[in-house]
Amino acid sequence: MENKLKQRLAADEVSLCMGLRQARTVDIGPLVGAAGFDCLYVDMEHSPIGFEATSAICITAITYGVTPLVRVPGHLGQDISRALDGGAQGVILPHVNTPEQAAAIVSYAKYPPVGHRSVMGAGPATAYKAMPLAQVNETGNAENMVVIMLETPEGIANADAIAAVPGVDMLLIGSNDLCTEMGIPGQLRHPKLLEAYQTVAQACKKHGIAMGIGGIRGDAELQTQLIGLGARFLIAGSDTTYLAAAASKDAAALRALIGDIKK
């Protein structure tokens, strides 16, 4: 199964991603696509979603042309391999601070000779078709993605060394965690955060990998600035934020209508 997100990034196109924290059913994949997003990620770090639901969401998303990613809760090898075996076309790893951590993550996510991921043969990545194992491994390494999240000043300081790790496909800045760690929570236009964006942009450009941004929503001016800086992967929001925003807007309009009728 081809990874359409990797294809878009290779073509220098901007891709939009929606996070999932509440969705549990497979129809969320086509819904995300119909809404205009290129990919989704199941947030196993900040939700109780389990592997079984995650796998079902990923497999269905692929069939509708939506690239499924999974943010695993930590750096455990079994979580990384289970997410990929279950149909994810990439894993997002939170709170990575050093190149040594990034290298260990790659070893869990990639088959030999790049890493040491355990082989499984036919599965979602091969559309369940039997293929020579060498081809399965080669294709798996080429199509799946390792997305490293930088969410601390230490991670930003090590951005160049982390970007240089073979097998890392993207550096993704977790803006809210990062600015919180910097002591400027919620200040998404702070000069210190902008400097961090610039540092990561330089590292990604130097090593030929993608730059991603999370946590920036509803600020078109800042998003335009970040795209100009080199960001090609934007997490625009999550199912919870979109549901709350749309529902609140509709409820407010109906309340106003009711108020006018009572007058």
# chains A, B, ... in the order shown; residues from 1 in each chain; ligands from 1

$ residues_around --residues "Gln187 in chain A" --least-positions-apart "3" --cutoff "12 Å" --atoms "only C-alpha atoms" --output "list of chain:residue names"
A:Ser175, A:Asn176, A:Asp177, A:Leu178, A:Cys179, A:Thr180, A:Glu181, A:Met182, A:Gly183, A:Ile184, A:His190, A:Pro191, A:Lys192, A:Leu193, A:Leu194, A:Gly215, A:Ile216

$ select_by_dssp --residues "range 80-254 of chain A" --states "alpha helix (DSSP H)" --output "PyMOL selection string"
chain A and resi 80-85+99-109+133-143+153-157+159-163+175-181+191-207+220-229+239-254

$ select_by_dssp --residues "range 105-185 of chain A" --states "strand (DSSP E)" --output "tab-separated table (two decimals) with C-alpha atoms, in the first residue's frame"
chain	number	residue	atom	x	y	z
A	145	MET	CA	7.42	6.87	8.29
A	146	VAL	CA	9.24	7.74	11.48
A	147	VAL	CA	8.08	11.12	12.75
A	148	ILE	CA	10.08	12.51	15.65
A	149	MET	CA	8.43	15.05	17.93
A	150	LEU	CA	10.55	17.81	19.45
A	170	MET	CA	10.26	14.17	9.78
A	171	LEU	CA	10.83	16.46	12.72
A	172	LEU	CA	7.47	17.54	14.15
A	173	ILE	CA	7.38	20.43	16.62
A	174	GLY	CA	4.82	20.03	19.38

$ closest_residue --among "A:Leu84, A:Ala56, A:Met211, A:Ile92" --to "Arg71 in chain A" --atoms "only C-alpha atoms"
A:Ile92

$ atom_distance --atom1 "CA of Leu20 in chain A" --atom2 "CA of His46 in chain A"
9.6 Å

$ closest_residue --among "A:Gln202, A:Ser47, A:Asn141, A:Asn3" --to "Thr63 in chain A" --atoms "only C-alpha atoms"
A:Asn3

$ residues_around --residues "range 93-109 of chain A" --least-positions-apart "5" --cutoff "7 Å" --atoms "only C-alpha atoms" --output "PyMOL selection string"
chain A and resi 71-72+74-75+77+80-81+114-117+146-151+154-155+158+161-162+165+167-168

$ closest_residue --among "A:Gly259, A:Met1, A:Val200, A:Gly214" --to "Gly123 in chain A" --atoms "only C-alpha atoms"
A:Met1

$ atom_distance --atom1 "CA of Val32 in chain A" --atom2 "CA of Ala61 in chain A"
8.6 Å

$ closest_residue --among "A:Thr25, A:Asn144, A:Gln198, A:Thr67" --to "Glu52 in chain A" --atoms "only C-alpha atoms"
A:Thr25

$ atom_distance --atom1 "CA of Pro124 in chain A" --atom2 "CA of Asp79 in chain A"
16.6 Å

$ decode --residues "range 17-32 of chain A" --atoms "N, CA and C atoms" --output "mmCIF file, in the first residue's frame"
data_model
loop_
_atom_site.group_PDB
_atom_site.id
_atom_site.type_symbol
_atom_site.label_atom_id
_atom_site.label_comp_id
_atom_site.auth_asym_id
_atom_site.auth_seq_id
_atom_site.Cartn_x
_atom_site.Cartn_y
_atom_site.Cartn_z
ATOM 1 N N CYS A 17 -3.209 17.351 8.407
ATOM 2 C CA CYS A 17 -3.473 16.170 9.225
ATOM 3 C C CYS A 17 -4.463 16.506 10.335
ATOM 4 N N MET A 18 -5.385 15.582 10.604
ATOM 5 C CA MET A 18 -6.319 15.726 11.723
ATOM 6 C C MET A 18 -5.970 14.703 12.796
ATOM 7 N N GLY A 19 -5.950 15.149 14.047
ATOM 8 C CA GLY A 19 -5.733 14.239 15.157
ATOM 9 C C GLY A 19 -7.028 13.613 15.625
ATOM 10 N N LEU A 20 -6.945 12.386 16.127
ATOM 11 C CA LEU A 20 -8.125 11.674 16.625
ATOM 12 C C LEU A 20 -7.904 11.287 18.087
ATOM 13 N N ARG A 21 -8.825 11.741 18.929
ATOM 14 C CA ARG A 21 -8.788 11.377 20.345
ATOM 15 C C ARG A 21 -10.088 10.730 20.811
ATOM 16 N N GLN A 22 -11.191 11.040 20.142
ATOM 17 C CA GLN A 22 -12.488 10.525 20.552
ATOM 18 C C GLN A 22 -13.056 9.486 19.597
ATOM 19 N N ALA A 23 -12.730 9.583 18.335
ATOM 20 C CA ALA A 23 -13.286 8.668 17.333
ATOM 21 C C ALA A 23 -12.866 7.234 17.621
ATOM 22 N N ARG A 24 -13.811 6.314 17.473
ATOM 23 C CA ARG A 24 -13.512 4.897 17.699
ATOM 24 C C ARG A 24 -13.959 4.021 16.525
ATOM 25 N N THR A 25 -14.711 4.584 15.577
ATOM 26 C CA THR A 25 -15.274 3.763 14.512
ATOM 27 C C THR A 25 -14.567 4.034 13.189
ATOM 28 N N VAL A 26 -14.668 3.068 12.287
ATOM 29 C CA VAL A 26 -13.875 3.103 11.067
ATOM 30 C C VAL A 26 -14.313 4.189 10.090
ATOM 31 N N ASP A 27 -15.531 4.716 10.241
ATOM 32 C CA ASP A 27 -15.991 5.722 9.292
ATOM 33 C C ASP A 27 -15.280 7.063 9.456
ATOM 34 N N ILE A 28 -14.470 7.208 10.490
ATOM 35 C CA ILE A 28 -13.750 8.464 10.677
ATOM 36 C C ILE A 28 -12.717 8.687 9.567
ATOM 37 N N GLY A 29 -12.149 7.614 9.017
ATOM 38 C CA GLY A 29 -11.165 7.756 7.945
ATOM 39 C C GLY A 29 -11.736 8.438 6.712
ATOM 40 N N PRO A 30 -12.800 7.887 6.117
ATOM 41 C CA PRO A 30 -13.391 8.556 4.961
ATOM 42 C C PRO A 30 -13.949 9.935 5.303
ATOM 43 N N LEU A 31 -14.434 10.135 6.543
ATOM 44 C CA LEU A 31 -14.933 11.446 6.935
ATOM 45 C C LEU A 31 -13.803 12.475 6.927
ATOM 46 N N VAL A 32 -12.641 12.085 7.437
ATOM 47 C CA VAL A 32 -11.475 12.976 7.432
ATOM 48 C C VAL A 32 -11.087 13.338 6.000
#
